[in-house]
2 protein chains.
Amino acid sequence: MPALDLSTHPGHLARRLQQAHTLLWNTVVSEEVTSPQFAVLNTLAGQDGLDQRTVGERVGLDRSTIAEVIRRLVDRRLVDKVRDPKDGRRSVLRVTEEGEQLHRKLSGRTVRMNQIFLAPLGPQERSTFLELLRRVSDATEALRNPGAPVADVRGGQGQDQAQSVGHAAASSR
Amino acid sequence: MPALDLSTHPGHLARRLQQAHTLLWNTVVSEEVTSPQFAVLNTLAGQDGLDQRTVGERVGLDRSTIAEVIRRLVDRRLVDKVRDPKDGRRSVLRVTEEGEQLHRKLSGRTVRMNQIFLAPLGPQERSTFLELLRRVSDATEALRNPGAPVADVRGGQGQDQAQSVGHAAASSR
DNA sequence: CCGAGGTAATCAGTACACTGACTATCTGAA
DNA sequence: TTCAGATAGTCAGTGTACTGATTACCTCGG
């Protein structure tokens, strides 16, 4: 059995892509706050008063992981966490003033980072890339909870050229 | 400061893509062996007698992580690890008979998994997707050790249509 | 032959990411 | 009203993935 060429395996490339992103994040955006932590901060900056589960759902983290991430944010006083008096199971989350400042500062840097990250691609390719990433991720995500609305896979910005859709046939052979 | 839309951030999508892949791997390929573990097995199946550092380099893992992964493979008797008598610093790695059998069994499944993973995309899009993943990962990887040969970014299979290359201008603003 | 510098591996510490088990709390139906 | 089921969160365990420090070993110049 000859060894497979992993450079044609999307899973392997996905892992490498994420490693590359983490590396870039640490140098360009922040060494203090990680990308998932920023995602949580960003979600709460948009809407205060959510509970862990909801935030986790929005940024794509399960209950255990989101608990860890939020614990760190609370430790660093970037997020406040108080028991919901209306429902003793839930914790209500809120960004602190400090957290909001940090979010503002890092928001600009993340935009710059995205440019650097996608620099090897042309303008057309960039939007294609994002769309393909979204389609593949969403499709697999849909397997997890097969009743949820997928919120229009062919979403917003569709001025790309990779329009040869209408095929696929998953057919596991 | 309004919240950013993370669905346009490649880093966020990269993380979600990897999560999706891990989920699929566990259901389609194996719950016993992870994708990085298979990558190591696959590398060793292609060429016996490498040391940790080299294997790590090929599959894209740093020395600490590759040590962990290999420890698990050795624990499960899928890989043998012996001190190099010629050079007491190195450990020479070799796939066991059992590891080779497992590699054979899983190789077929990974191919099938790739098809399922990329099912949402058309044939053209699939090769485009792989190429873009490779280009972005390789470019960032190149920042890490700026003297290494990048081994031809425009690699093998280039029959796709995302050919508007020749641009980019990273320009952090 | 000896020590300085380089290299392979390990170790400690941090941070996602997931599963499965468990606790506390809430809600609705009998 | 009471308790069965659902839900939010925690905890334990496993597995990447990284940095920085340390250890063991090799090599080569003097």
# chains A, B, ... in the order shown; residues from 1 in each chain; ligands from 1

call {"tool": "residues_around", "arguments": {"residues": "range 12-23 of chain C", "least_positions_apart": "4", "cutoff": "12 Å", "atoms": "only C-alpha atoms (C1' of nucleotides)", "output": "NGL selection string"}}
result
(:A and (18 or 22 or 31-37 or 60-69 or 71-72 or 89)) or (:B and (15-16 or 18-20 or 22-23 or 26 or 31 or 64)) or (:D and (7-22))

call {"tool": "residues_around", "arguments": {"residues": "Gln101 in chain B", "least_positions_apart": "5", "cutoff": "10 Å", "atoms": "only C-alpha atoms (C1' of nucleotides)", "output": "compact mmCIF listing (two decimals) with N, CA and C atoms, in the first residue's frame"}}
result
# COMPACT_ATOMS: atom_id res chain seq x y z
N MET A 1 0.85 -1.21 0.00
CA MET A 1 0.00 0.00 0.00
C MET A 1 0.88 1.25 0.00
N LEU B 78 1.29 0.64 17.17
CA LEU B 78 1.13 0.88 15.73
C LEU B 78 2.46 1.32 15.14
N VAL B 95 6.80 1.55 11.24
CA VAL B 95 5.42 1.07 11.40
C VAL B 95 5.44 -0.41 11.74
N THR B 96 4.61 -0.83 12.68
CA THR B 96 4.50 -2.25 12.99
C THR B 96 3.59 -2.92 11.96
N LEU B 106 -7.61 2.12 6.68
CA LEU B 106 -8.09 3.49 6.76
C LEU B 106 -7.85 4.28 5.48
N SER B 107 -6.86 3.88 4.70
CA SER B 107 -6.56 4.62 3.47
C SER B 107 -7.79 4.69 2.57

call {"tool": "residues_around", "arguments": {"residues": "Phe129 in chain B", "least_positions_apart": "4", "cutoff": "7 Å", "atoms": "only C-alpha atoms (C1' of nucleotides)", "output": "mmCIF file with C-alpha atoms, in the first residue's frame"}}
result
data_model
loop_
_atom_site.group_PDB
_atom_site.id
_atom_site.type_symbol
_atom_site.label_atom_id
_atom_site.label_comp_id
_atom_site.auth_asym_id
_atom_site.auth_seq_id
_atom_site.Cartn_x
_atom_site.Cartn_y
_atom_site.Cartn_z
ATOM 1 C CA PHE A 129 -12.265 31.027 -1.243
ATOM 2 C CA LEU A 132 -16.172 27.564 -0.673
ATOM 3 C CA GLU B 125 -14.754 23.892 -7.400
ATOM 4 C CA LEU B 133 -6.180 26.084 0.583
#

call {"tool": "atom_distance", "arguments": {"atom1": "C1' of DT23 in chain D", "atom2": "CA of Lys86 in chain B"}}
result
19.0 Å

call {"tool": "select_by_dssp", "arguments": {"residues": "chain B", "states": "alpha helix (DSSP H)", "output": "compact mmCIF listing (two decimals) with C-alpha atoms, in the first residue's frame"}}
result
# COMPACT_ATOMS: atom_id res chain seq x y z
CA PRO B 10 -11.03 33.36 6.73
CA GLY B 11 -9.55 32.51 10.12
CA HIS B 12 -12.91 31.91 11.67
CA LEU B 13 -13.96 29.81 8.70
CA ALA B 14 -10.71 27.88 8.89
CA ARG B 15 -11.48 26.91 12.45
CA ARG B 16 -15.01 25.86 11.56
CA LEU B 17 -13.72 23.88 8.60
CA GLN B 18 -11.36 21.93 10.78
CA GLN B 19 -14.08 21.23 13.32
CA ALA B 20 -16.30 19.99 10.50
CA HIS B 21 -13.54 17.74 9.26
CA THR B 22 -12.85 16.26 12.67
CA LEU B 23 -16.54 15.51 13.11
CA LEU B 24 -16.69 13.77 9.76
CA TRP B 25 -13.45 11.88 10.35
CA ASN B 26 -14.79 10.37 13.56
CA THR B 27 -17.94 9.12 11.90
CA VAL B 28 -16.55 8.05 8.53
CA SER B 35 -6.38 12.45 11.41
CA PRO B 36 -2.91 13.64 12.55
CA GLN B 37 -2.16 10.13 13.78
CA PHE B 38 -3.10 8.76 10.38
CA ALA B 39 -0.90 11.37 8.74
CA VAL B 40 2.07 10.08 10.74
CA LEU B 41 1.21 6.49 9.93
CA ASN B 42 0.91 7.40 6.27
CA THR B 43 4.29 9.12 6.23
CA LEU B 44 5.98 6.18 7.89
CA ALA B 45 4.23 3.73 5.59
CA GLY B 46 5.84 5.57 2.70
CA GLN B 52 10.42 12.34 14.97
CA ARG B 53 11.58 15.72 13.82
CA THR B 54 11.47 14.75 10.15
CA VAL B 55 8.05 13.17 10.42
CA GLY B 56 6.77 16.20 12.27
CA GLU B 57 8.11 18.46 9.57
CA ARG B 58 6.40 16.47 6.84
CA VAL B 59 2.99 16.33 8.46
CA ARG B 63 8.52 18.81 18.02
CA SER B 64 6.31 18.81 21.13
CA THR B 65 3.15 17.84 19.32
CA ILE B 66 4.74 15.16 17.19
CA ALA B 67 6.21 13.66 20.36
CA GLU B 68 2.73 13.39 21.86
CA VAL B 69 1.21 11.88 18.74
CA ILE B 70 3.99 9.34 18.38
CA ARG B 71 3.80 8.42 22.04
CA ARG B 72 0.17 7.43 21.52
CA LEU B 73 0.98 5.46 18.38
CA VAL B 74 3.75 3.63 20.22
CA ASP B 75 1.44 2.94 23.16
CA GLU B 97 2.68 -4.97 11.13
CA GLU B 98 -0.47 -3.97 12.96
CA GLY B 99 0.06 -0.34 12.04
CA GLU B 100 0.48 -1.24 8.42
CA GLN B 101 -2.76 -3.19 8.39
CA LEU B 102 -4.60 -0.30 9.99
CA HIS B 103 -3.09 2.11 7.50
CA ARG B 104 -4.32 -0.03 4.65
CA LYS B 105 -7.80 -0.23 6.10
CA LEU B 106 -8.09 3.49 6.76
CA SER B 107 -6.56 4.62 3.47
CA GLY B 108 -9.65 3.55 1.59
CA ARG B 109 -11.91 5.25 4.07
CA THR B 110 -10.04 8.56 3.91
CA VAL B 111 -10.55 8.64 0.17
CA ARG B 112 -14.25 8.09 0.68
CA MET B 113 -14.30 10.75 3.38
CA ASN B 114 -12.76 13.30 1.07
CA GLN B 115 -15.59 12.72 -1.36
CA ILE B 116 -18.22 13.25 1.30
CA PHE B 117 -16.43 16.29 2.66
CA PRO B 123 -15.76 19.04 -9.69
CA GLN B 124 -14.22 22.33 -10.80
CA GLU B 125 -14.75 23.89 -7.40
CA ARG B 126 -13.12 20.99 -5.64
CA SER B 127 -9.77 21.39 -7.31
CA THR B 128 -10.04 25.16 -6.97
CA PHE B 129 -10.74 24.75 -3.27
CA LEU B 130 -7.74 22.48 -2.73
CA GLU B 131 -5.49 24.82 -4.66
CA LEU B 132 -6.57 27.90 -2.73
CA LEU B 133 -6.18 26.08 0.58
CA ARG B 134 -2.68 25.09 -0.43
CA ARG B 135 -1.68 28.53 -1.63
CA VAL B 136 -2.82 30.32 1.53
CA SER B 137 -1.33 27.74 3.88
CA ASP B 138 1.99 27.61 2.06
CA ALA B 139 2.30 31.38 1.93
CA THR B 140 1.86 31.76 5.66
CA GLU B 141 4.09 28.79 6.32
CA ALA B 142 6.77 30.55 4.33
CA LEU B 143 6.69 33.43 6.80
CA ARG B 144 7.73 31.04 9.54

call {"tool": "select_by_dssp", "arguments": {"residues": "range 15-111 of chain B", "states": "strand (DSSP E or B)", "output": "number ranges by chain"}}
result
B: 79-83, 91-95

call {"tool": "write_last_selection", "arguments": {"atoms": "N, CA and C atoms", "output": "mmCIF file, in the first residue's frame"}}
result
data_model
loop_
_atom_site.group_PDB
_atom_site.id
_atom_site.type_symbol
_atom_site.label_atom_id
_atom_site.label_comp_id
_atom_site.auth_asym_id
_atom_site.auth_seq_id
_atom_site.Cartn_x
_atom_site.Cartn_y
_atom_site.Cartn_z
ATOM 1 N N VAL B 79 3.344 1.793 16.018
ATOM 2 C CA VAL B 79 4.649 2.288 15.576
ATOM 3 C C VAL B 79 5.705 1.807 16.576
ATOM 4 N N ASP B 80 6.870 1.443 16.050
ATOM 5 C CA ASP B 80 8.008 1.094 16.890
ATOM 6 C C ASP B 80 8.957 2.273 16.961
ATOM 7 N N LYS B 81 9.598 2.405 18.108
ATOM 8 C CA LYS B 81 10.500 3.536 18.301
ATOM 9 C C LYS B 81 11.748 3.033 18.998
ATOM 10 N N VAL B 82 12.887 3.121 18.319
ATOM 11 C CA VAL B 82 14.136 2.672 18.922
ATOM 12 C C VAL B 82 15.200 3.752 18.787
ATOM 13 N N ARG B 83 16.075 3.779 19.776
ATOM 14 C CA ARG B 83 17.170 4.734 19.742
ATOM 15 C C ARG B 83 18.091 4.422 18.568
ATOM 16 N N SER B 91 15.506 9.115 17.563
ATOM 17 C CA SER B 91 14.737 7.882 17.677
ATOM 18 C C SER B 91 14.314 7.487 16.276
ATOM 19 N N VAL B 92 14.561 6.254 15.932
ATOM 20 C CA VAL B 92 14.175 5.783 14.613
ATOM 21 C C VAL B 92 12.784 5.160 14.696
ATOM 22 N N LEU B 93 11.913 5.566 13.800
ATOM 23 C CA LEU B 93 10.515 5.122 13.824
ATOM 24 C C LEU B 93 10.234 4.134 12.708
ATOM 25 N N ARG B 94 9.335 3.219 12.998
ATOM 26 C CA ARG B 94 9.005 2.180 12.042
ATOM 27 C C ARG B 94 7.565 1.749 12.296
ATOM 28 N N VAL B 95 6.796 1.546 11.235
ATOM 29 C CA VAL B 95 5.415 1.068 11.397
ATOM 30 C C VAL B 95 5.445 -0.407 11.741
#

call {"tool": "closest_atom_pairs", "arguments": {"of": "chain C", "to": "chain B", "cutoff": "10 Å", "atoms": "only C-alpha atoms (C1' of nucleotides)", "output": "CSV"}}
result
residue,atom,partner,partner_atom,distance
C:DT7,C1',B:Arg89,CA,8.0
C:DA8,C1',B:Arg89,CA,5.0
C:DA9,C1',B:Arg89,CA,7.0
C:DT10,C1',B:Ser64,CA,8.2
C:DC11,C1',B:Ser64,CA,9.3
C:DA17,C1',B:Gln19,CA,8.1
C:DC18,C1',B:Leu23,CA,9.2

call {"tool": "write_last_selection", "arguments": {"atoms": "N, CA and C atoms (P, O5', C5', C4', C3', O3' and C1' of nucleotides)", "output": "tab-separated table (two decimals), in the first residue's frame"}}
result
chain	number	residue	atom	x	y	z
C	7	DT	P	21.67	23.17	13.98
C	7	DT	O5'	21.20	21.79	14.64
C	7	DT	C5'	21.98	20.64	14.42
C	7	DT	C4'	21.42	19.49	15.23
C	7	DT	C3'	19.89	19.37	15.19
C	7	DT	O3'	19.55	18.02	14.95
C	7	DT	C1'	20.65	19.32	17.40
C	8	DA	P	18.08	17.62	14.52
C	8	DA	O5'	17.66	16.67	15.73
C	8	DA	C5'	18.25	15.37	15.83
C	8	DA	C4'	17.63	14.61	16.98
C	8	DA	C3'	16.10	14.56	16.97
C	8	DA	O3'	15.69	13.24	17.32
C	8	DA	C1'	16.84	15.64	18.96
C	9	DA	P	14.14	12.86	17.32
C	9	DA	O5'	13.79	13.10	18.85
C	9	DA	C5'	14.50	12.35	19.84
C	9	DA	C4'	14.20	12.88	21.22
C	9	DA	C3'	12.72	12.94	21.62
C	9	DA	O3'	12.47	11.92	22.56
C	9	DA	C1'	13.95	14.84	22.38
C	10	DT	P	11.04	11.79	23.25
C	10	DT	O5'	11.14	12.73	24.55
C	10	DT	C5'	12.17	12.49	25.48
C	10	DT	C4'	12.09	13.52	26.60
C	10	DT	C3'	10.73	13.62	27.28
C	10	DT	O3'	10.94	13.45	28.68
C	10	DT	C1'	11.53	15.76	26.71
C	11	DC	P	9.71	13.25	29.66
C	11	DC	O5'	9.47	14.72	30.26
C	11	DC	C5'	10.59	15.45	30.74
C	11	DC	C4'	10.15	16.83	31.20
C	11	DC	C3'	8.72	16.90	31.74
C	11	DC	O3'	8.74	17.62	32.97
C	11	DC	C1'	9.04	18.53	30.06
C	17	DA	P	-11.15	26.04	18.73
C	17	DA	O5'	-11.75	24.65	19.19
C	17	DA	C5'	-11.40	23.49	18.49
C	17	DA	C4'	-11.95	22.27	19.19
C	17	DA	C3'	-13.42	22.33	19.62
C	17	DA	O3'	-14.21	21.63	18.69
C	17	DA	C1'	-12.04	21.12	21.15
C	18	DC	P	-15.78	21.43	18.91
C	18	DC	O5'	-15.88	19.97	19.59
C	18	DC	C5'	-15.36	18.86	18.88
C	18	DC	C4'	-15.28	17.64	19.76
C	18	DC	C3'	-16.60	17.31	20.44
C	18	DC	O3'	-17.17	16.14	19.88
C	18	DC	C1'	-14.76	17.14	21.96
